[in-house]
file work-v6.tsv (TSV, C-alpha atoms)
chain	number	residue	atom	x	y	z
W	4	MET	CA	-32.96	33.70	107.63
W	5	ASP	CA	-32.62	34.12	103.89
W	6	ALA	CA	-28.94	33.24	104.12
W	7	PHE	CA	-29.81	30.06	106.03
W	8	ILE	CA	-32.37	29.03	103.42
W	9	VAL	CA	-29.86	29.68	100.63
W	10	ALA	CA	-27.24	27.59	102.45
W	11	LEU	CA	-29.73	24.79	103.04
W	12	SER	CA	-30.76	24.89	99.39
W	13	SER	CA	-27.12	24.71	98.37
W	14	VAL	CA	-26.55	21.65	100.55
W	15	TRP	CA	-29.56	19.93	98.97
W	16	THR	CA	-28.48	20.85	95.43
W	17	ASP	CA	-24.97	19.50	96.01
W	18	SER	CA	-26.13	16.28	97.70
W	19	GLY	CA	-26.32	12.92	96.03
W	20	LEU	CA	-30.07	12.75	96.69
W	21	VAL	CA	-30.75	15.14	93.83
W	22	ALA	CA	-29.03	12.84	91.34
W	23	PHE	CA	-30.30	9.60	92.92
W	24	THR	CA	-32.30	7.47	90.44
W	25	TRP	CA	-34.50	4.39	90.57
W	26	GLY	CA	-31.66	2.59	88.85
W	27	ASN	CA	-29.30	3.49	91.69
W	28	LEU	CA	-31.85	2.17	94.19
W	29	ALA	CA	-32.24	-1.08	92.25
W	30	MET	CA	-28.46	-1.61	92.18
W	31	ILE	CA	-28.14	-0.89	95.90
W	32	ILE	CA	-30.77	-3.59	96.46
W	33	VAL	CA	-28.75	-5.91	94.20
W	34	GLY	CA	-25.66	-5.11	96.28
W	35	CYS	CA	-27.52	-5.91	99.51
W	36	LEU	CA	-28.74	-9.19	98.01
W	37	LEU	CA	-25.18	-10.12	97.07
W	38	LEU	CA	-24.06	-9.23	100.59
W	39	TYR	CA	-26.70	-11.60	101.95
W	40	LEU	CA	-25.51	-14.39	99.65
W	41	ALA	CA	-21.89	-13.72	100.62
W	42	PHE	CA	-22.24	-13.40	104.38
W	43	GLY	CA	-25.58	-15.06	105.09
W	44	LYS	CA	-25.25	-18.04	102.75
W	45	GLU	CA	-21.42	-18.05	102.52
W	46	PHE	CA	-21.32	-18.00	98.72
W	47	GLU	CA	-17.69	-17.00	98.00
W	48	PRO	CA	-17.77	-14.43	100.85
W	49	LEU	CA	-14.15	-13.31	100.39
W	50	LEU	CA	-14.92	-12.20	96.85
W	51	LEU	CA	-18.65	-11.62	96.62
W	52	GLY	CA	-18.66	-9.49	99.79
W	53	PRO	CA	-16.32	-6.76	98.51
W	54	ILE	CA	-17.93	-6.92	95.06
W	55	ALA	CA	-21.34	-6.34	96.65
W	56	PHE	CA	-20.19	-3.40	98.74
W	57	GLY	CA	-18.36	-1.92	95.77
W	58	CYS	CA	-21.66	-2.13	93.86
W	59	ILE	CA	-23.38	-0.15	96.61
W	60	LEU	CA	-20.62	2.47	96.60
W	61	ALA	CA	-20.74	2.80	92.81
W	62	ASN	CA	-24.43	3.70	92.93
W	63	LEU	CA	-24.13	6.56	95.40
W	64	PRO	CA	-24.24	9.62	93.08
W	65	ARG	CA	-21.52	12.27	93.19
W	66	ASN	CA	-19.20	9.97	95.13
W	67	GLY	CA	-16.06	11.64	93.78
W	68	PHE	CA	-14.50	8.33	92.74
W	69	GLU	CA	-13.00	9.93	89.62
W	70	GLU	CA	-9.88	10.53	91.71
W	71	GLY	CA	-8.34	9.26	94.94
W	72	VAL	CA	-8.03	5.71	96.22
W	73	MET	CA	-11.11	4.41	94.40
W	74	ALA	CA	-9.76	5.66	91.09
W	75	LEU	CA	-6.46	3.91	91.84
W	76	ILE	CA	-8.30	0.67	92.62
W	77	GLY	CA	-10.06	0.92	89.26
W	78	GLN	CA	-6.74	1.46	87.53
W	79	GLY	CA	-5.41	-1.68	89.21
W	80	ILE	CA	-7.88	-3.67	87.15
W	81	LYS	CA	-7.56	-1.68	83.93
W	82	GLN	CA	-3.76	-1.81	84.05
W	83	GLU	CA	-3.76	-5.61	84.63
W	84	ILE	CA	-2.16	-5.36	88.09
W	85	PHE	CA	-4.53	-7.26	90.37
W	86	PRO	CA	-5.33	-10.49	88.44
W	87	PRO	CA	-1.65	-11.51	88.00
W	88	LEU	CA	-0.99	-10.80	91.70
W	89	ILE	CA	-3.94	-13.02	92.60
W	90	PHE	CA	-2.37	-15.73	90.44
W	91	LEU	CA	0.89	-15.32	92.36
W	92	GLY	CA	-0.95	-16.31	95.52
W	93	VAL	CA	-2.85	-19.10	93.78
W	94	GLY	CA	0.43	-20.54	92.53
W	95	ALA	CA	1.84	-20.54	96.06
W	96	MET	CA	-1.19	-22.53	97.21
W	97	THR	CA	-1.21	-25.00	94.31
W	98	ASP	CA	0.33	-28.46	94.32
W	99	PHE	CA	1.00	-29.65	90.78
W	100	GLY	CA	2.11	-33.04	92.14
W	101	PRO	CA	-1.09	-34.92	91.23
W	102	LEU	CA	-0.89	-33.56	87.68
W	103	LEU	CA	2.76	-34.57	87.34
W	104	ALA	CA	2.06	-37.99	88.81
W	105	ASN	CA	-0.66	-38.60	86.21
W	106	PRO	CA	0.08	-36.29	83.24
W	107	LYS	CA	-2.81	-37.57	81.13
W	108	THR	CA	-5.20	-35.70	83.44
W	109	LEU	CA	-3.97	-32.56	81.70
W	110	LEU	CA	-6.25	-33.64	78.86
W	111	LEU	CA	-9.22	-33.60	81.23
W	112	GLY	CA	-8.43	-30.01	82.17
W	113	ALA	CA	-8.31	-29.17	78.47
W	114	ALA	CA	-11.57	-31.01	77.73
W	115	ALA	CA	-13.39	-29.05	80.41
W	116	GLN	CA	-12.69	-25.84	78.49
W	117	ILE	CA	-15.28	-26.87	75.90
W	118	GLY	CA	-17.81	-24.94	77.97
W	119	VAL	CA	-15.90	-21.75	77.24
W	120	PHE	CA	-16.29	-22.15	73.51
W	121	VAL	CA	-19.92	-23.34	73.73
W	122	ALA	CA	-20.81	-20.14	75.59
W	123	LEU	CA	-18.73	-18.07	73.18
W	124	ALA	CA	-20.72	-19.43	70.24
W	125	GLY	CA	-23.99	-18.91	72.09
W	126	ALA	CA	-23.09	-15.31	72.92
W	127	MET	CA	-22.31	-14.54	69.30
W	128	LEU	CA	-25.65	-16.04	68.22
W	129	MET	CA	-27.37	-13.77	70.74
W	130	GLY	CA	-25.85	-10.68	69.17
W	131	PHE	CA	-22.79	-9.99	71.32
W	132	THR	CA	-19.62	-8.89	69.55
W	133	GLU	CA	-16.71	-11.29	69.19
W	134	GLN	CA	-14.80	-9.55	71.98
W	135	GLN	CA	-17.81	-9.59	74.32
W	136	ALA	CA	-18.56	-13.24	73.50
W	137	ALA	CA	-14.99	-14.25	74.30
W	138	ALA	CA	-15.11	-12.46	77.66
W	139	ILE	CA	-18.45	-14.11	78.50
W	140	GLY	CA	-17.30	-17.56	77.45
W	141	ILE	CA	-14.36	-17.63	79.84
W	142	ILE	CA	-16.86	-17.80	82.73
W	143	GLY	CA	-17.04	-21.51	81.90
W	144	GLY	CA	-13.49	-21.94	83.15
W	145	ALA	CA	-14.71	-21.09	86.70
W	146	ASP	CA	-11.72	-18.84	87.22
W	147	GLY	CA	-12.65	-15.41	88.57
W	148	PRO	CA	-9.31	-13.59	88.10
W	149	THR	CA	-8.97	-14.84	84.52
W	150	SER	CA	-12.56	-13.78	83.78
W	151	ILE	CA	-11.83	-10.29	85.11
W	152	TYR	CA	-8.50	-10.15	83.25
W	153	LEU	CA	-10.07	-11.04	79.91
W	154	ALA	CA	-13.14	-8.84	80.39
W	155	SER	CA	-10.99	-5.82	81.28
W	156	LYS	CA	-9.14	-6.27	77.99
W	157	LEU	CA	-11.95	-7.23	75.61
W	158	ALA	CA	-15.22	-6.00	77.13
W	159	PRO	CA	-14.72	-3.64	80.08
W	160	GLU	CA	-18.35	-2.51	79.80
W	161	LEU	CA	-19.41	-6.05	80.83
W	162	LEU	CA	-16.85	-6.48	83.62
W	163	GLY	CA	-19.30	-6.24	86.53
W	164	ALA	CA	-21.82	-8.71	85.12
W	165	ILE	CA	-19.12	-11.19	84.09
W	166	ALA	CA	-17.42	-11.06	87.49
W	167	VAL	CA	-20.68	-11.57	89.39
W	168	ALA	CA	-21.63	-14.51	87.16
W	169	ALA	CA	-18.18	-16.10	87.43
W	170	TYR	CA	-17.93	-15.90	91.21
W	171	SER	CA	-21.56	-16.84	91.76
W	172	TYR	CA	-21.23	-20.03	89.75
W	173	MET	CA	-17.92	-20.85	91.42
W	174	SER	CA	-19.71	-20.79	94.76
W	175	LEU	CA	-22.47	-23.01	93.36
W	176	VAL	CA	-20.13	-25.78	92.20
W	177	PRO	CA	-21.49	-28.28	94.78
W	178	LEU	CA	-25.03	-27.67	93.50
W	179	ILE	CA	-24.46	-27.44	89.74
W	180	GLN	CA	-21.97	-30.21	89.08
W	181	PRO	CA	-23.38	-33.37	90.78
W	182	PRO	CA	-26.56	-33.62	88.65
W	183	VAL	CA	-24.50	-33.28	85.46
W	184	MET	CA	-21.97	-35.85	86.69
W	185	LYS	CA	-24.65	-38.39	87.61
W	186	LEU	CA	-26.55	-37.85	84.37
W	187	LEU	CA	-23.49	-38.65	82.24
W	188	THR	CA	-22.09	-41.62	84.20
W	189	THR	CA	-23.30	-45.03	85.32
W	190	GLN	CA	-23.17	-46.41	88.85
W	191	LYS	CA	-20.40	-48.76	87.73
W	192	GLU	CA	-18.30	-45.90	86.34
W	193	ARG	CA	-18.75	-43.80	89.47
W	194	SER	CA	-17.61	-46.75	91.59
W	195	ILE	CA	-14.24	-47.18	89.85
W	196	VAL	CA	-11.37	-47.14	92.37
W	197	MET	CA	-8.20	-45.58	90.97
W	198	GLU	CA	-4.68	-46.71	91.81
W	199	GLN	CA	-2.61	-44.67	94.24
W	200	LEU	CA	-0.55	-41.93	92.59
W	201	ARG	CA	3.22	-42.20	92.47
W	202	GLU	CA	5.39	-39.87	94.52
W	203	VAL	CA	6.62	-36.85	92.58
W	204	SER	CA	10.21	-35.68	93.15
W	205	ARG	CA	11.17	-32.18	94.17
W	206	PHE	CA	13.17	-31.85	90.94
W	207	GLU	CA	10.01	-32.45	88.86
W	208	LYS	CA	8.05	-29.93	90.90
W	209	VAL	CA	10.71	-27.24	90.40
W	210	VAL	CA	11.28	-27.87	86.69
W	211	PHE	CA	7.58	-27.95	85.78
W	212	PRO	CA	6.68	-24.29	86.48
W	213	VAL	CA	9.77	-23.06	84.64
W	214	LEU	CA	9.19	-25.30	81.62
W	215	ALA	CA	5.45	-24.59	81.50
W	216	THR	CA	6.02	-20.82	81.64
W	217	VAL	CA	8.56	-20.83	78.83
W	218	VAL	CA	6.65	-23.14	76.47
W	219	ILE	CA	3.14	-21.70	76.96
W	220	SER	CA	4.26	-18.07	77.00
W	221	LEU	CA	6.17	-18.52	73.75
W	222	LEU	CA	3.02	-19.92	72.16
W	223	LEU	CA	0.61	-17.42	73.77
W	224	PRO	CA	2.45	-14.21	74.76
W	225	PRO	CA	-0.71	-12.36	75.93
W	226	ILE	CA	-0.99	-14.53	79.06
W	227	THR	CA	2.65	-14.33	80.11
W	228	SER	CA	1.86	-12.09	83.09
W	229	LEU	CA	-0.92	-14.37	84.38
W	230	LEU	CA	0.92	-17.63	83.83
W	231	GLY	CA	4.26	-16.21	84.93
W	232	CYS	CA	2.87	-15.07	88.28
W	233	LEU	CA	1.08	-18.40	88.77
W	234	MET	CA	4.27	-20.36	88.21
W	235	LEU	CA	6.45	-17.94	90.19
W	236	GLY	CA	4.19	-18.43	93.19
W	237	ASN	CA	4.45	-22.18	92.70
W	238	LEU	CA	8.24	-21.94	92.58
W	239	PHE	CA	8.16	-20.13	95.93
W	240	ARG	CA	6.20	-23.12	97.28
W	241	GLU	CA	8.31	-25.90	95.80
W	242	SER	CA	11.85	-24.48	96.00
W	243	GLY	CA	12.17	-25.38	99.67
W	244	VAL	CA	14.19	-22.23	100.42
W	245	THR	CA	11.60	-19.44	99.97
W	246	ALA	CA	9.05	-20.32	102.63
W	247	ARG	CA	8.64	-16.68	103.67
W	248	LEU	CA	7.85	-15.59	100.10
W	249	ALA	CA	5.40	-18.47	99.67
W	250	ASP	CA	3.70	-17.61	102.97
W	251	THR	CA	3.39	-13.93	102.03
W	252	SER	CA	2.04	-14.77	98.56
W	253	GLU	CA	-0.61	-17.23	99.73
W	254	ASN	CA	-1.73	-15.22	102.75
W	255	ALA	CA	-1.07	-11.49	103.20
W	256	LEU	CA	-0.60	-10.61	99.53
W	257	ILE	CA	-3.51	-12.54	98.04
W	258	ASN	CA	-5.87	-11.38	100.81
W	259	THR	CA	-4.92	-7.74	100.29
W	260	VAL	CA	-5.18	-7.89	96.50
W	261	THR	CA	-8.49	-9.76	96.72
W	262	ILE	CA	-10.00	-6.83	98.62
W	263	PHE	CA	-8.89	-4.37	95.94
W	264	LEU	CA	-9.77	-6.61	92.97
W	265	ALA	CA	-13.25	-7.47	94.24
W	266	THR	CA	-14.07	-3.94	95.39
W	267	GLY	CA	-12.84	-2.49	92.09
W	268	THR	CA	-15.01	-4.97	90.21
W	269	GLY	CA	-18.02	-3.89	92.25
W	270	LEU	CA	-17.30	-0.26	91.40
W	271	THR	CA	-17.98	-1.06	87.72
W	272	MET	CA	-21.55	-2.13	88.53
W	273	ASP	CA	-23.27	1.22	88.15
W	274	ALA	CA	-26.93	1.20	87.13
W	275	ALA	CA	-26.32	2.56	83.62
W	276	ASP	CA	-24.08	-0.37	82.66
W	277	PHE	CA	-25.62	-3.18	84.71
W	278	LEU	CA	-29.40	-2.82	84.43
W	279	ASN	CA	-30.05	-4.21	80.96
W	280	TRP	CA	-30.95	-7.42	79.16
W	281	GLN	CA	-27.30	-8.14	78.47
W	282	THR	CA	-26.71	-8.80	82.16
W	283	LEU	CA	-29.43	-11.46	82.27
W	284	LEU	CA	-28.08	-13.06	79.10
W	285	ILE	CA	-24.56	-13.11	80.57
W	286	ILE	CA	-25.79	-14.85	83.73
W	287	PHE	CA	-27.62	-17.43	81.59
W	288	LEU	CA	-24.64	-17.98	79.28
W	289	GLY	CA	-22.37	-18.33	82.30
W	290	LEU	CA	-24.50	-21.20	83.52
W	291	VAL	CA	-24.43	-22.80	80.07
W	292	ALA	CA	-20.63	-22.44	80.01
W	293	PHE	CA	-20.25	-23.97	83.44
W	294	ILE	CA	-22.50	-26.95	82.69
W	295	GLY	CA	-20.77	-27.41	79.33
W	296	GLY	CA	-17.34	-27.43	80.97
W	297	THR	CA	-18.43	-30.00	83.55
W	298	ALA	CA	-20.00	-32.18	80.87
W	299	GLY	CA	-16.95	-31.91	78.61
W	300	GLY	CA	-14.61	-33.08	81.37
W	301	VAL	CA	-16.83	-35.99	82.38
W	302	ILE	CA	-17.38	-37.16	78.79
W	303	PHE	CA	-13.65	-37.10	78.09
W	304	GLY	CA	-13.15	-38.97	81.38
W	305	LYS	CA	-15.47	-41.68	80.07
W	306	ILE	CA	-13.45	-41.89	76.87
W	307	MET	CA	-10.23	-42.11	78.87
W	308	SER	CA	-11.72	-44.83	81.07
W	309	TRP	CA	-12.71	-46.82	78.00
W	310	LEU	CA	-9.24	-46.47	76.48
W	311	ASP	CA	-7.34	-47.54	79.62
W	312	GLY	CA	-9.61	-50.46	80.43
W	313	GLY	CA	-11.55	-48.88	83.28
W	314	LYS	CA	-8.63	-47.49	85.30
W	315	THR	CA	-9.92	-43.89	85.24
W	316	ASN	CA	-13.02	-42.81	87.13
W	317	PRO	CA	-14.84	-40.38	84.78
W	318	LEU	CA	-15.95	-38.27	87.74
W	319	ILE	CA	-12.52	-36.68	88.02
W	320	GLY	CA	-13.11	-35.05	84.62
W	321	SER	CA	-15.63	-32.69	86.21
W	322	ALA	CA	-12.76	-31.18	88.21
W	323	GLY	CA	-11.26	-29.90	84.96
W	324	VAL	CA	-12.94	-26.56	85.60
W	325	SER	CA	-10.50	-24.46	87.60
W	326	ALA	CA	-12.51	-23.92	90.78
W	327	VAL	CA	-9.65	-25.15	93.01
W	328	PRO	CA	-10.08	-27.19	95.17
W	329	MET	CA	-13.88	-27.12	95.34
W	330	ALA	CA	-14.43	-29.00	92.08
W	331	ALA	CA	-12.02	-31.76	93.17
W	332	ARG	CA	-13.92	-32.10	96.45
W	333	VAL	CA	-17.19	-32.49	94.55
W	334	SER	CA	-15.63	-35.36	92.56
W	335	GLN	CA	-14.64	-36.97	95.84
W	336	VAL	CA	-18.11	-36.57	97.38
W	337	VAL	CA	-19.97	-37.98	94.37
W	338	GLY	CA	-17.49	-40.85	94.03
W	339	SER	CA	-17.66	-41.78	97.72
W	340	LYS	CA	-21.45	-41.92	97.58
W	341	ALA	CA	-21.21	-44.45	94.75
W	342	ASN	CA	-18.47	-46.43	96.51
W	343	PRO	CA	-17.65	-45.62	100.18
W	344	SER	CA	-14.12	-47.02	99.73
W	345	ASN	CA	-13.43	-44.63	96.87
W	346	PHE	CA	-10.92	-41.82	97.39
W	347	LEU	CA	-10.75	-39.57	94.35
W	348	LEU	CA	-9.63	-36.26	95.84
W	349	MET	CA	-5.95	-36.40	94.88
W	350	HIS	CA	-6.76	-37.90	91.49
W	351	ALA	CA	-9.23	-35.08	90.86
W	352	MET	CA	-6.65	-32.47	91.84
W	353	GLY	CA	-4.72	-33.34	88.65
W	354	PRO	CA	-7.41	-32.13	86.23
W	355	ASN	CA	-8.36	-29.40	88.71
W	356	VAL	CA	-4.98	-27.66	88.57
W	357	ALA	CA	-4.78	-28.46	84.86
W	358	GLY	CA	-8.01	-26.50	84.54
W	359	VAL	CA	-6.29	-23.41	85.95
W	360	ILE	CA	-3.68	-23.66	83.19
W	361	GLY	CA	-6.32	-24.60	80.62
W	362	THR	CA	-8.47	-21.55	81.36
W	363	ALA	CA	-5.44	-19.28	81.11
W	364	VAL	CA	-4.54	-20.91	77.77
W	365	ALA	CA	-8.12	-20.45	76.53
W	366	ALA	CA	-7.97	-16.78	77.51
W	367	GLY	CA	-4.60	-16.38	75.78
W	368	THR	CA	-5.94	-18.03	72.65
W	369	MET	CA	-8.87	-15.62	72.54
W	370	LEU	CA	-6.63	-12.62	73.12
W	371	ALA	CA	-4.31	-13.75	70.33
W	372	MET	CA	-7.24	-14.22	67.95
W	373	MET	CA	-8.98	-10.96	68.84
W	374	SER	CA	-5.81	-8.88	68.50
W	375	ARG	CA	-5.39	-9.78	64.83
call {"tool": "encode", "arguments": {"input": "work-v6.tsv", "output": "structure tokens"}}
result
Amino acid sequence: MDAFIVALSSVWTDSGLVAFTWGNLAMIIVGCLLLYLAFGKEFEPLLLGPIAFGCILANLPRNGFEEGVMALIGQGIKQEIFPPLIFLGVGAMTDFGPLLANPKTLLLGAAAQIGVFVALAGAMLMGFTEQQAAAIGIIGGADGPTSIYLASKLAPELLGAIAVAAYSYMSLVPLIQPPVMKLLTTQKERSIVMEQLREVSRFEKVVFPVLATVVISLLLPPITSLLGCLMLGNLFRESGVTARLADTSENALINTVTIFLATGTGLTMDAADFLNWQTLLIIFLGLVAFIGGTAGGVIFGKIMSWLDGGKTNPLIGSAGVSAVPMAARVSQVVGSKANPSNFLLMHAMGPNVAGVIGTAVAAGTMLAMMSR
């Protein structure tokens, strides 16, 4: 009997229940809430779901994640493996045709990055370090992989909070953007019908990713892996002779890597690092960044419309954040409500894909500045 009691006591002592804290319980509740948002409300379920479950796993004490597959998943983020692979798939799914057909929309993608720097300044005023502020600011680009990439380099202690904020606001694009768009534009501006885009040749589509990679990577070497994978995936799509590689990149590969990237991000959300005032400030600053980016794109769209005599609908500027293609669809929905004959989707895809490049450039700029 004594031996049984000793054995039972040993089991209890070695269990996770002994080390379980109120903080762990709170984070498990947070994980369940995120699961509800992901699967019940369909807020970015492919990303928020694994993040949420990773959060639950991270808050089970004595889980042994210091080694084994979970440790390898964590290294995939720290060693910059997963975000570039995600970009490979994104590139295979991206059509740069609308951007090439109307190159000036690249400026709208650049203008939408103002939210990044507004949030960066706000974060520094709130007491975050320069590196932390830069990682927080990139949330305004509405690009989850880039947010994770930059946070893992500059502020790994904030990775979980930044990832949750980035993906949450990406899923809320249809709710956040329309009020900002309507506030900054008139009914007349929203009703502008844009001319049909010209057809882009295959030669242009093949040359663009090569030229963009060389030029941007020479200027900003820190983002060569991100941008290179994005453009390589796009080359698979546009070459016309690598359909199998394009299909693998945009389906099997990106789905597999998404599971690892999102789960690994969730594993960083342990109670000790997540339950603090910084997390709430990050979520607030992420919203500021997102609204600022939307406003910056729309305001520059208004300027562009004024300069070209009313040929540009300012609404497409809101798509300059890189939530592809959701932000472009929001431009279409708001424009069609103002004018049922309006079709802005393809026009909005120009600044939308430009936003992907713009966010990567903003991240590269910050990395170059912070490494000095």
call {"tool": "closest_residue", "arguments": {"input": "work-v6.tsv", "among": "W:Ala265, W:Met96, W:Val218, W:Leu157", "to": "Thr132 of chain W", "atoms": "all atoms listed in the file"}}
result
W:Leu157
call {"tool": "atom_distance", "arguments": {"input": "work-v6.tsv", "atom1": "atom CA of Lys208 of chain W", "atom2": "atom CA of Phe99 of chain W"}}
result
7.1 Å
call {"tool": "atom_distance", "arguments": {"input": "work-v6.tsv", "atom1": "atom CA of Ala168 of chain W", "atom2": "atom CA of Leu229 of chain W"}}
result
20.9 Å
call {"tool": "atom_distance", "arguments": {"input": "work-v6.tsv", "atom1": "atom CA of Asn66 of chain W", "atom2": "atom CA of Thr261 of chain W"}}
result
22.5 Å
call {"tool": "residues_around", "arguments": {"input": "work-v6.tsv", "residues": "Ala363 of chain W", "least_positions_apart": "5", "cutoff": "12 Å", "atoms": "all atoms listed in the file", "output": "PyMOL selection string"}}
result
chain W and resi 86-87+90+112-113+116+119+141-153+216+219-220+223-233+324-325+356-358+368-370
